[in-house]
$ cat query.txt   # compact mmCIF, C-alpha atoms
# COMPACT_ATOMS: atom_id res chain seq x y z
CA MET A 1 12.85 7.27 -26.30
CA TYR A 2 11.17 10.31 -27.73
CA TYR A 3 7.43 10.56 -28.08
CA SER A 4 5.68 13.24 -30.01
CA ASN A 5 2.55 14.96 -28.85
CA ILE A 6 1.15 12.95 -26.03
CA ASN A 7 -1.81 15.07 -24.96
CA ILE A 8 -2.49 14.97 -21.26
CA VAL A 9 -5.32 16.27 -19.08
CA ILE A 10 -4.70 16.45 -15.35
CA ALA A 11 -7.15 16.69 -12.46
CA ASP A 12 -6.73 17.34 -8.75
CA ASP A 13 -8.51 19.53 -6.23
CA HIS A 14 -5.24 20.90 -4.88
CA GLU A 15 -4.37 23.83 -7.10
CA ILE A 16 -0.73 23.89 -6.06
CA PHE A 17 -0.28 20.23 -6.86
CA LEU A 18 -1.77 20.80 -10.33
CA ASP A 19 0.64 23.68 -10.86
CA GLY A 20 3.63 21.53 -9.96
CA LEU A 21 2.47 18.56 -12.01
CA SER A 22 1.59 20.67 -15.01
CA LEU A 23 4.96 22.42 -14.96
CA MET A 24 6.83 19.14 -14.64
CA LEU A 25 4.92 17.41 -17.45
CA SER A 26 5.04 20.32 -19.87
CA ARG A 27 8.80 20.48 -19.54
CA GLN A 28 9.02 16.95 -20.81
CA GLU A 29 9.69 16.77 -24.53
CA GLY A 30 6.76 15.33 -26.44
CA PHE A 31 4.26 15.89 -23.62
CA LYS A 32 1.56 18.48 -23.80
CA VAL A 33 -0.77 19.39 -20.96
CA CYS A 34 -3.93 20.37 -22.78
CA GLY A 35 -6.20 20.84 -19.82
CA ARG A 36 -6.45 20.89 -16.05
CA ALA A 37 -9.47 20.30 -13.85
CA SER A 38 -10.08 20.73 -10.16
CA ASN A 39 -12.93 18.24 -9.90
CA GLY A 40 -14.40 15.28 -11.77
CA GLN A 41 -17.16 17.29 -13.44
CA GLN A 42 -14.69 19.72 -14.95
CA LEU A 43 -12.52 16.80 -15.95
CA LEU A 44 -15.36 15.29 -17.98
CA GLU A 45 -16.00 18.57 -19.76
CA ILE A 46 -12.36 19.10 -20.62
CA VAL A 47 -11.89 15.51 -21.77
CA ASN A 48 -14.93 15.72 -24.05
CA ARG A 49 -13.55 18.88 -25.59
CA GLU A 50 -9.86 17.99 -25.83
CA LYS A 51 -9.99 14.21 -26.32
CA PRO A 52 -6.55 13.70 -24.83
CA ASP A 53 -4.42 10.55 -25.00
CA ILE A 54 -3.86 10.38 -21.26
CA VAL A 55 -5.76 11.50 -18.16
CA LEU A 56 -3.88 11.76 -14.89
CA THR A 57 -6.43 12.12 -12.13
CA ASP A 58 -6.73 12.34 -8.38
CA ILE A 59 -9.27 9.95 -6.86
CA ARG A 60 -10.92 11.86 -4.04
CA MET A 61 -12.27 15.03 -5.60
CA PRO A 62 -15.34 17.19 -4.96
CA VAL A 63 -18.51 17.16 -7.12
CA VAL A 64 -17.65 14.00 -9.07
CA ASP A 65 -14.85 11.76 -7.85
CA GLY A 66 -12.13 10.15 -9.94
CA ILE A 67 -13.86 6.77 -9.98
CA GLN A 68 -17.13 8.07 -11.44
CA SER A 69 -15.40 10.32 -13.93
CA THR A 70 -13.14 7.47 -15.09
CA LYS A 71 -16.19 5.31 -15.79
CA GLN A 72 -17.83 8.10 -17.77
CA ILE A 73 -14.68 9.03 -19.66
CA LEU A 74 -14.09 5.45 -20.74
CA ALA A 75 -17.71 4.89 -21.70
CA ALA A 76 -17.46 7.78 -24.14
CA HIS A 77 -13.80 7.45 -25.16
CA PRO A 78 -12.52 3.92 -24.56
CA GLY A 79 -9.16 4.72 -26.11
CA ILE A 80 -8.11 7.22 -23.45
CA GLY A 81 -5.57 5.93 -20.95
CA VAL A 82 -6.49 6.87 -17.39
CA ILE A 83 -3.87 6.91 -14.65
CA ALA A 84 -4.93 7.35 -11.03
CA LEU A 85 -2.96 9.55 -8.70
CA SER A 86 -3.24 8.32 -5.16
CA MET A 87 -2.10 9.15 -1.68
CA PHE A 88 -0.42 6.45 0.34
CA ASP A 89 -3.20 4.72 2.30
CA GLU A 90 -5.73 4.64 -0.52
CA GLU A 91 -5.46 0.98 -1.50
CA ASN A 92 -9.23 0.59 -1.57
CA LEU A 93 -9.66 3.55 -3.88
CA VAL A 94 -6.88 2.40 -6.18
CA ILE A 95 -8.72 -0.89 -6.62
CA GLU A 96 -11.93 0.96 -7.44
CA MET A 97 -10.10 3.07 -10.01
CA LEU A 98 -8.66 -0.03 -11.67
CA GLU A 99 -12.07 -1.69 -11.66
CA ALA A 100 -13.48 1.47 -13.22
CA GLY A 101 -11.01 1.04 -16.07
CA ALA A 102 -7.88 2.97 -15.14
CA LYS A 103 -4.80 1.38 -16.70
CA GLY A 104 -2.39 2.43 -14.03
CA TYR A 105 -1.83 4.26 -10.79
CA LEU A 106 0.88 6.30 -9.20
CA LEU A 107 1.52 7.55 -5.73
CA LYS A 108 1.48 11.31 -5.74
CA ASN A 109 4.96 11.39 -4.32
CA ALA A 110 6.35 9.22 -7.12
CA HIS A 111 9.59 10.38 -8.66
CA LYS A 112 9.34 12.53 -11.76
CA ASN A 113 10.92 9.82 -13.91
CA GLU A 114 8.35 7.33 -12.75
CA ILE A 115 5.47 9.65 -13.64
CA ILE A 116 6.93 10.03 -17.13
CA ASP A 117 7.42 6.28 -17.38
CA ALA A 118 3.81 5.65 -16.40
CA VAL A 119 2.46 8.10 -18.98
CA ILE A 120 4.50 6.47 -21.75
CA SER A 121 3.53 2.92 -20.71
CA VAL A 122 -0.16 3.68 -20.61
CA TYR A 123 0.16 5.59 -23.89
CA GLN A 124 1.52 2.34 -25.33
CA ASN A 125 -1.56 0.58 -23.97
CA LYS A 126 0.30 -1.18 -21.15
CA ASN A 127 -0.69 -1.27 -17.50
CA TYR A 128 1.38 0.61 -14.99
CA TYR A 129 1.66 -0.19 -11.29
CA CYS A 130 3.49 2.23 -9.03
CA SER A 131 6.91 0.97 -7.96
CA GLN A 132 5.94 1.57 -4.33
CA THR A 133 3.09 -0.96 -4.47
CA SER A 134 2.84 -2.98 -1.27
CA PHE A 135 2.33 -6.74 -1.25
CA LEU A 136 -1.06 -6.10 0.27
CA LEU A 137 -2.13 -3.90 -2.62
CA ALA A 138 -0.70 -6.39 -5.12
CA SER A 139 -2.80 -9.18 -3.65
CA MET A 140 -5.86 -6.91 -3.57
CA ILE A 141 -5.36 -6.19 -7.28
CA VAL A 142 -5.18 -9.88 -8.05
CA ARG A 143 -8.38 -10.56 -6.08
CA SER A 144 -10.20 -7.64 -7.69
CA LYS A 145 -12.34 -7.54 -10.82
CA PHE A 146 -9.52 -5.77 -12.64
CA ASN A 147 -7.94 -8.07 -15.18
CA PRO A 148 -4.64 -6.75 -16.46
CA TYR A 149 -4.17 -9.59 -18.92
CA ALA A 150 -7.55 -9.35 -20.63
CA HIS A 151 -6.21 -7.64 -23.72
CA GLN A 152 -3.27 -9.97 -24.08
CA GLN A 153 -3.73 -12.14 -27.13
CA THR A 154 -1.10 -14.82 -26.69
CA PRO A 155 -0.60 -16.37 -23.27
CA VAL A 156 2.83 -15.91 -21.71
CA VAL A 157 4.86 -19.12 -21.70
CA LEU A 158 7.60 -19.34 -19.11
CA ASN A 159 10.11 -22.09 -18.50
CA ASP A 160 10.96 -23.45 -15.05
CA ARG A 161 14.07 -21.36 -14.68
CA GLU A 162 12.17 -18.19 -15.48
CA LYS A 163 9.53 -19.13 -12.92
CA THR A 164 12.19 -19.74 -10.28
CA ILE A 165 13.71 -16.36 -10.99
CA ILE A 166 10.30 -14.72 -10.77
CA GLN A 167 9.78 -16.30 -7.36
CA MET A 168 13.09 -14.95 -6.18
CA ILE A 169 12.36 -11.48 -7.55
CA CYS A 170 9.13 -11.55 -5.53
CA GLU A 171 11.16 -12.47 -2.45
CA GLN A 172 13.03 -9.24 -3.12
CA LYS A 173 16.31 -11.00 -3.74
CA THR A 174 19.00 -9.01 -5.53
CA THR A 175 20.38 -10.10 -8.87
CA GLN A 176 23.58 -11.18 -7.10
CA GLU A 177 21.66 -13.29 -4.57
CA ILE A 178 19.70 -14.97 -7.35
CA ALA A 179 22.90 -15.63 -9.28
CA ASP A 180 24.54 -17.25 -6.24
CA LYS A 181 21.52 -19.39 -5.54
CA ILE A 182 21.11 -20.90 -8.99
CA TYR A 183 24.79 -20.94 -9.97
CA LEU A 184 24.61 -18.49 -12.83
CA SER A 185 26.61 -15.36 -13.49
CA LYS A 186 25.17 -12.04 -12.46
CA ARG A 187 25.10 -11.02 -16.12
CA THR A 188 23.08 -14.04 -17.12
CA VAL A 189 20.54 -13.36 -14.39
CA GLU A 190 20.45 -9.73 -15.47
CA GLY A 191 19.60 -10.96 -18.97
CA TYR A 192 16.84 -13.19 -17.60
CA ARG A 193 15.38 -10.30 -15.65
CA VAL A 194 15.16 -8.11 -18.73
CA LYS A 195 13.63 -10.93 -20.75
CA ILE A 196 11.09 -11.77 -18.05
CA LEU A 197 9.98 -8.15 -17.66
CA GLU A 198 9.56 -7.94 -21.41
CA LYS A 199 7.65 -11.21 -21.68
CA ILE A 200 5.18 -10.38 -18.92
CA GLN A 201 5.11 -6.69 -19.86
CA ALA A 202 6.08 -5.50 -16.40
CA LYS A 203 7.87 -2.25 -15.77
CA ASN A 204 8.98 -2.99 -12.22
CA ILE A 205 8.80 -5.49 -9.36
CA ALA A 206 5.17 -4.55 -8.64
CA GLY A 207 4.25 -5.82 -12.10
CA VAL A 208 6.18 -9.04 -11.53
CA VAL A 209 4.47 -9.69 -8.18
CA ILE A 210 1.00 -9.11 -9.64
CA PHE A 211 1.75 -11.39 -12.57
CA ALA A 212 3.17 -14.08 -10.29
CA LEU A 213 0.19 -13.98 -7.93
CA LYS A 214 -2.29 -14.03 -10.78
CA ASN A 215 -0.59 -17.01 -12.42
CA ASN A 216 -0.01 -18.97 -9.21
CA ILE A 217 3.77 -18.75 -9.47
CA ILE A 218 3.70 -17.46 -5.92
CA LYS A 219 0.94 -17.61 -3.31
CA GLU A 220 -0.49 -14.85 -1.18
CA GLU A 221 0.90 -16.54 1.94
CA ASP A 222 4.42 -16.41 0.50
CA VAL A 223 4.50 -12.64 0.51
CA LEU A 224 2.03 -11.58 3.18
CA MET B 225 -16.58 4.38 18.59
CA ILE B 226 -16.21 8.14 19.11
CA GLN B 227 -12.50 7.53 19.46
CA GLU B 228 -12.44 5.71 16.09
CA GLN B 229 -14.28 8.62 14.46
CA GLU B 230 -11.85 11.13 15.90
CA ARG B 231 -8.92 9.07 14.63
CA LYS B 232 -10.50 8.96 11.22
CA ARG B 233 -10.88 12.74 11.20
CA ILE B 234 -7.24 13.29 12.11
CA ALA B 235 -6.09 10.77 9.52
CA ASN B 236 -8.16 12.50 6.85
CA ASP B 237 -6.82 15.91 7.82
CA LEU B 238 -3.24 14.71 7.58
CA HIS B 239 -4.08 13.10 4.32
CA ASP B 240 -5.79 16.06 2.70
CA SER B 241 -3.51 18.85 3.75
CA LEU B 242 0.02 17.64 4.40
CA GLY B 243 0.23 14.86 1.84
CA PRO B 244 -0.45 16.81 -1.36
CA MET B 245 1.67 19.69 -0.08
CA LEU B 246 4.71 17.48 0.36
CA SER B 247 4.16 15.85 -3.02
CA THR B 248 3.99 19.28 -4.60
CA VAL B 249 7.25 20.38 -3.04
CA LYS B 250 8.86 17.25 -4.40
CA LEU B 251 7.54 17.90 -7.90
CA TYR B 252 8.97 21.41 -7.89
CA MET B 253 12.30 20.22 -6.59
CA HIS B 254 12.58 17.74 -9.42
CA GLY B 255 11.89 20.56 -11.81
CA ILE B 256 15.02 22.43 -10.81
CA ALA B 257 17.83 21.86 -13.26
CA VAL B 258 21.25 22.18 -11.64
CA SER B 259 24.64 21.54 -13.15
CA ASN B 260 26.72 22.00 -10.04
CA ASP B 261 27.46 18.70 -8.25
CA ALA B 262 27.19 20.10 -4.74
CA ASP B 263 23.81 21.63 -5.54
CA LYS B 264 22.68 18.42 -7.11
CA GLN B 265 23.60 16.59 -3.93
CA SER B 266 21.74 19.07 -1.70
CA LEU B 267 18.70 18.76 -3.88
CA SER B 268 18.72 15.00 -3.78
CA LYS B 269 19.20 15.05 -0.01
CA ALA B 270 16.28 17.41 0.46
CA SER B 271 14.15 15.21 -1.77
CA GLY B 272 15.15 12.19 0.32
CA TYR B 273 14.02 13.99 3.49
CA ILE B 274 10.68 14.71 1.91
CA ASP B 275 10.27 11.03 1.12
CA GLU B 276 11.12 10.24 4.71
CA THR B 277 8.55 12.75 5.96
CA ILE B 278 5.92 11.25 3.68
CA ASN B 279 6.78 7.80 4.99
CA ASN B 280 6.40 9.01 8.57
CA LEU B 281 3.09 10.54 7.67
CA ARG B 282 2.02 7.29 6.10
CA GLU B 283 2.96 5.40 9.26
CA ILE B 284 1.06 7.83 11.51
CA SER B 285 -1.96 7.74 9.29
CA TYR B 286 -1.90 3.93 9.14
CA ASN B 287 -1.83 3.71 12.93
CA LEU B 288 -4.76 6.07 13.13
CA LEU B 289 -6.83 4.28 10.54
CA PRO B 290 -5.94 0.94 9.00
CA SER B 291 -8.17 1.57 5.98
CA SER B 292 -7.21 -1.74 4.42
CA LEU B 293 -9.65 -3.47 6.81
CA ASN B 294 -12.50 -2.37 4.56
CA ARG B 295 -11.62 -4.77 1.82
CA ASN B 296 -9.46 -7.38 3.48
CA ASP B 297 -9.91 -9.97 6.18
CA LEU B 298 -8.46 -9.25 9.56
CA VAL B 299 -5.97 -12.07 9.14
CA ILE B 300 -4.40 -10.52 6.05
CA VAL B 301 -4.31 -7.07 7.61
CA VAL B 302 -2.67 -8.44 10.75
CA ARG B 303 -0.09 -10.29 8.65
CA GLU B 304 0.78 -7.09 6.88
CA TYR B 305 0.89 -5.13 10.13
CA ILE B 306 3.31 -7.67 11.58
CA SER B 307 5.60 -7.52 8.58
CA ARG B 308 5.69 -3.73 8.95
CA ILE B 309 6.52 -3.98 12.64
CA THR B 310 9.15 -6.67 12.37
CA SER B 311 10.96 -4.76 9.66
CA HIS B 312 12.07 -2.23 12.25
CA HIS B 313 11.90 -4.08 15.56
CA LEU B 314 13.86 -7.01 16.85
CA LEU B 315 10.87 -8.74 18.40
CA LYS B 316 9.98 -11.91 16.52
CA ILE B 317 6.25 -12.25 16.07
CA LYS B 318 4.75 -15.60 15.18
CA PHE B 319 1.21 -15.21 13.98
CA GLU B 320 -1.12 -18.06 13.25
CA ALA B 321 -4.76 -18.09 12.31
CA ALA B 322 -6.96 -21.10 11.90
CA GLN B 323 -8.16 -21.67 8.34
CA ASN B 324 -11.82 -22.02 9.17
CA VAL B 325 -12.11 -18.97 11.36
CA THR B 326 -14.85 -16.45 10.58
CA ILE B 327 -14.79 -13.06 12.21
CA GLN B 328 -17.69 -10.64 12.19
CA LYS B 329 -16.77 -7.55 10.21
CA LYS B 330 -17.84 -5.13 12.94
CA ILE B 331 -15.52 -6.58 15.58
CA GLU B 332 -12.49 -6.71 13.31
CA ILE B 333 -11.39 -3.16 14.06
CA HIS B 334 -11.49 -3.89 17.80
CA LEU B 335 -9.51 -7.09 17.49
CA PHE B 336 -7.00 -5.26 15.29
CA ARG B 337 -6.62 -2.50 17.88
CA ILE B 338 -6.18 -5.09 20.63
CA ILE B 339 -3.47 -6.82 18.62
CA GLN B 340 -1.76 -3.46 17.99
CA GLU B 341 -1.88 -2.75 21.73
CA ILE B 342 -0.48 -6.16 22.63
CA VAL B 343 2.36 -5.82 20.12
CA HIS B 344 3.06 -2.28 21.23
CA ASN B 345 3.12 -3.21 24.94
CA THR B 346 5.33 -6.20 24.27
CA ILE B 347 7.85 -4.11 22.37
CA LYS B 348 7.80 -1.30 24.90
CA HIS B 349 7.71 -3.10 28.22
CA ALA B 350 8.18 -6.85 28.00
CA ASP B 351 11.82 -7.25 27.01
CA ALA B 352 10.66 -10.28 25.08
CA THR B 353 12.32 -11.85 22.04
CA VAL B 354 9.30 -13.79 20.82
CA LEU B 355 5.60 -13.01 20.76
CA LYS B 356 3.12 -15.63 19.61
CA LEU B 357 -0.30 -14.61 18.41
CA LEU B 358 -3.06 -17.02 17.60
CA ILE B 359 -6.58 -16.55 16.29
CA THR B 360 -8.72 -19.63 16.40
CA GLY B 361 -12.37 -20.59 16.37
CA GLN B 362 -13.85 -23.07 18.87
CA SER B 363 -17.39 -24.30 19.11
CA ASP B 364 -18.17 -21.73 21.81
CA GLY B 365 -16.47 -18.70 20.31
CA LEU B 366 -13.52 -16.99 18.79
CA PHE B 367 -10.17 -16.91 20.61
CA LEU B 368 -7.32 -14.46 20.38
CA ILE B 369 -4.35 -15.72 22.34
CA SER B 370 -1.01 -14.04 22.82
CA GLU B 371 2.05 -15.25 24.63
CA ASP B 372 5.45 -13.65 25.08
CA ASN B 373 8.68 -14.77 26.70
CA GLY B 374 9.40 -11.44 28.37
CA LYS B 375 9.84 -10.35 31.95
CA GLY B 376 6.16 -10.33 32.86
CA PHE B 377 4.64 -7.86 35.29
CA ASP B 378 2.65 -7.45 38.45
CA LEU B 379 -0.88 -7.37 37.09
CA ASN B 380 -2.63 -5.65 40.01
CA GLY B 381 0.13 -3.12 40.49
CA THR B 382 0.08 -2.18 36.82
CA ARG B 383 -3.70 -1.92 36.79
CA GLU B 384 -3.68 0.58 39.62
CA GLY B 385 -0.59 2.45 38.53
CA ALA B 386 -0.29 5.05 35.80
CA GLY B 387 1.28 2.54 33.42
CA GLY B 388 -1.90 0.63 32.91
CA LEU B 389 -3.29 2.66 30.02
CA GLY B 390 -2.57 0.05 27.39
CA LEU B 391 -4.12 -2.58 29.58
CA LYS B 392 -7.15 -0.39 30.18
CA SER B 393 -7.59 0.08 26.47
CA ILE B 394 -7.57 -3.68 25.87
CA GLU B 395 -10.13 -4.11 28.66
CA ASN B 396 -12.37 -1.42 27.15
CA ARG B 397 -12.21 -2.96 23.70
CA CYS B 398 -13.08 -6.38 25.11
CA GLU B 399 -16.07 -4.90 26.89
CA MET B 400 -17.28 -3.31 23.66
CA ILE B 401 -17.35 -6.64 21.87
CA ASP B 402 -18.61 -8.63 24.87
CA ALA B 403 -15.41 -10.57 25.07
CA THR B 404 -13.84 -12.04 28.17
CA LEU B 405 -10.24 -11.21 28.93
CA LYS B 406 -7.81 -13.27 30.92
CA ILE B 407 -4.27 -12.16 31.60
CA ILE B 408 -1.81 -14.61 33.08
CA THR B 409 1.46 -13.06 34.10
CA ALA B 410 3.93 -12.71 36.93
CA LYS B 411 7.42 -11.30 37.34
CA ASN B 412 9.83 -13.19 35.07
CA GLU B 413 7.09 -15.44 33.77
CA GLY B 414 6.22 -13.78 30.49
CA CYS B 415 2.68 -12.82 29.73
CA LYS B 416 -0.22 -14.74 28.28
CA ILE B 417 -3.46 -13.12 27.22
CA ILE B 418 -6.59 -15.04 26.30
CA ILE B 419 -9.50 -13.21 24.77
CA LYS B 420 -12.70 -15.02 24.01
CA VAL B 421 -15.46 -13.58 21.88
CA PRO B 422 -18.52 -15.74 22.44
CA ASN B 423 -20.67 -16.82 19.50
CA LYS B 424 -23.83 -14.81 19.24

$ encode --input "query.txt" --output "structure tokens"
Amino acid sequence: MYYSNINIVIADDHEIFLDGLSLMLSRQEGFKVCGRASNGQQLLEIVNREKPDIVLTDIRMPVVDGIQSTKQILAAHPGIGVIALSMFDEENLVIEMLEAGAKGYLLKNAHKNEIIDAVISVYQNKNYYCSQTSFLLASMIVRSKFNPYAHQQTPVVLNDREKTIIQMICEQKTTQEIADKIYLSKRTVEGYRVKILEKIQAKNIAGVVIFALKNNIIKEEDVL
Amino acid sequence: MIQEQERKRIANDLHDSLGPMLSTVKLYMHGIAVSNDADKQSLSKASGYIDETINNLREISYNLLPSSLNRNDLVIVVREYISRITSHHLLKIKFEAAQNVTIQKKIEIHLFRIIQEIVHNTIKHADATVLKLLITGQSDGLFLISEDNGKGFDLNGTREGAGGLGLKSIENRCEMIDATLKIITAKNEGCKIIIKVPNK
């Protein structure tokens, strides 16, 4: 899909990382990097001036951190989609970012395509969870004050078969394994998967696990 | 506690310097457009190695500082630790925790380190196939019990020898939290460890 003029501001205290990220994003058709900040204070200034669609920000930054700046950005411009950029063992900080109002998070070493995917999802007002989300982080998200389904108007209705398939997806079963287990063709299961992801607005397994935990389709003990 | 602080410092250093650097390299590599298949393959291989390096870094940093303890109960963190371990070791670990058990926040890190040490020792030395771990609360205190079906060892010999570092570390941790430690083992008899943290 082609998107026109998604304006993005990026923030990180590692200059070289900003360079790399900025180069990668600006090469993407329809994306425009309209500002870059090396701390949270600068980020606030640039956001107030540029009013971008998306902010991609590091969490641990000098002067003002990503959590504080996210709160302030969203207080002034609730329409901006904030995506947190995290290092691997920052589960606690990711939770704080989500509670501060970020709509998604990415590991800094995420694949280029995933970064693009996350920007587009959040631009469309959907949440985005990094595909490398651990079960621990998923359960922390569900226990947190962050409510991903708050803006959803109609509740998601799933039939028993869909719920069974969701459980098996959470058990990390492949489409073939699911097909064998419930006596359906691989293609049919494939179709279910697509439909389920669409219904619950998930982009990847992380989204499915969070949905399933939140809606008691699976329990914490099943995955941890 | 000085040791914990030092670990934290090393973990943060790894985190702040190496992590972003590796991520940056990856970003640049994905920015290279190649049409040649062989080049494409080299690029994807190199990118795979970077991922592997980041994963190693993640593992090292986790062992230095299990930061998830801040927001999660010990039981959940231990469960996750065990699922990490069993995904690349053959040892089967059965972990059980009583529902009603309450653990003081400040001793959690020590109990976690003790569990890490027990698991590590069992994998390295015990030749065991199963390790059972149990956390339970009794009226007089909290119990951490481990039992493996390995080859056991000569307790006094190990204590005096150079190989007793892991054991020493468990003893030190127990001392720090005023816990009593009992180790029951003999050659070919497996090993059972009972740690009791008295109620305050």

$ closest_residue --input "query.txt" --among "A:Cys130, A:Leu158, A:Met140, A:Ile46" --to "chain B" --atoms "only C-alpha atoms"
A:Met140

$ closest_residue --input "query.txt" --among "B:Ser268, B:Ser247, B:Ser363, B:Gln340" --to "chain A" --atoms "all atoms listed in the file"
B:Ser247

$ residues_around --input "query.txt" --residues "A:Asp53" --least-positions-apart "2" --cutoff "12 Å" --atoms "only C-alpha atoms" --output "VMD selection string"
chain A and resid 4 to 10 31 to 35 47 to 48 50 to 51 55 to 56 73 to 74 77 to 83 119 to 125

$ interface_residues --input "query.txt" --of "chain A" --to "chain B" --cutoff "12 Å" --atoms "all atoms listed in the file" --output "VMD selection string"
chain A and resid 12 to 28 58 to 61 85 to 96 106 to 115 132 134 to 137 139 to 141 143 to 144 220 to 224

$ atom_distance --input "query.txt" --atom1 "atom CA of B:Asp372" --atom2 "atom CA of B:Lys356"
6.3 Å

$ residues_around --input "query.txt" --residues "stretch 346-351 of chain B" --least-positions-apart "2" --cutoff "12 Å" --atoms "only C-alpha atoms" --output "MDAnalysis selection string"
chainID B and resid 309:310 312:317 339:344 353:357 370:378 382 387:388 390:391 409:417
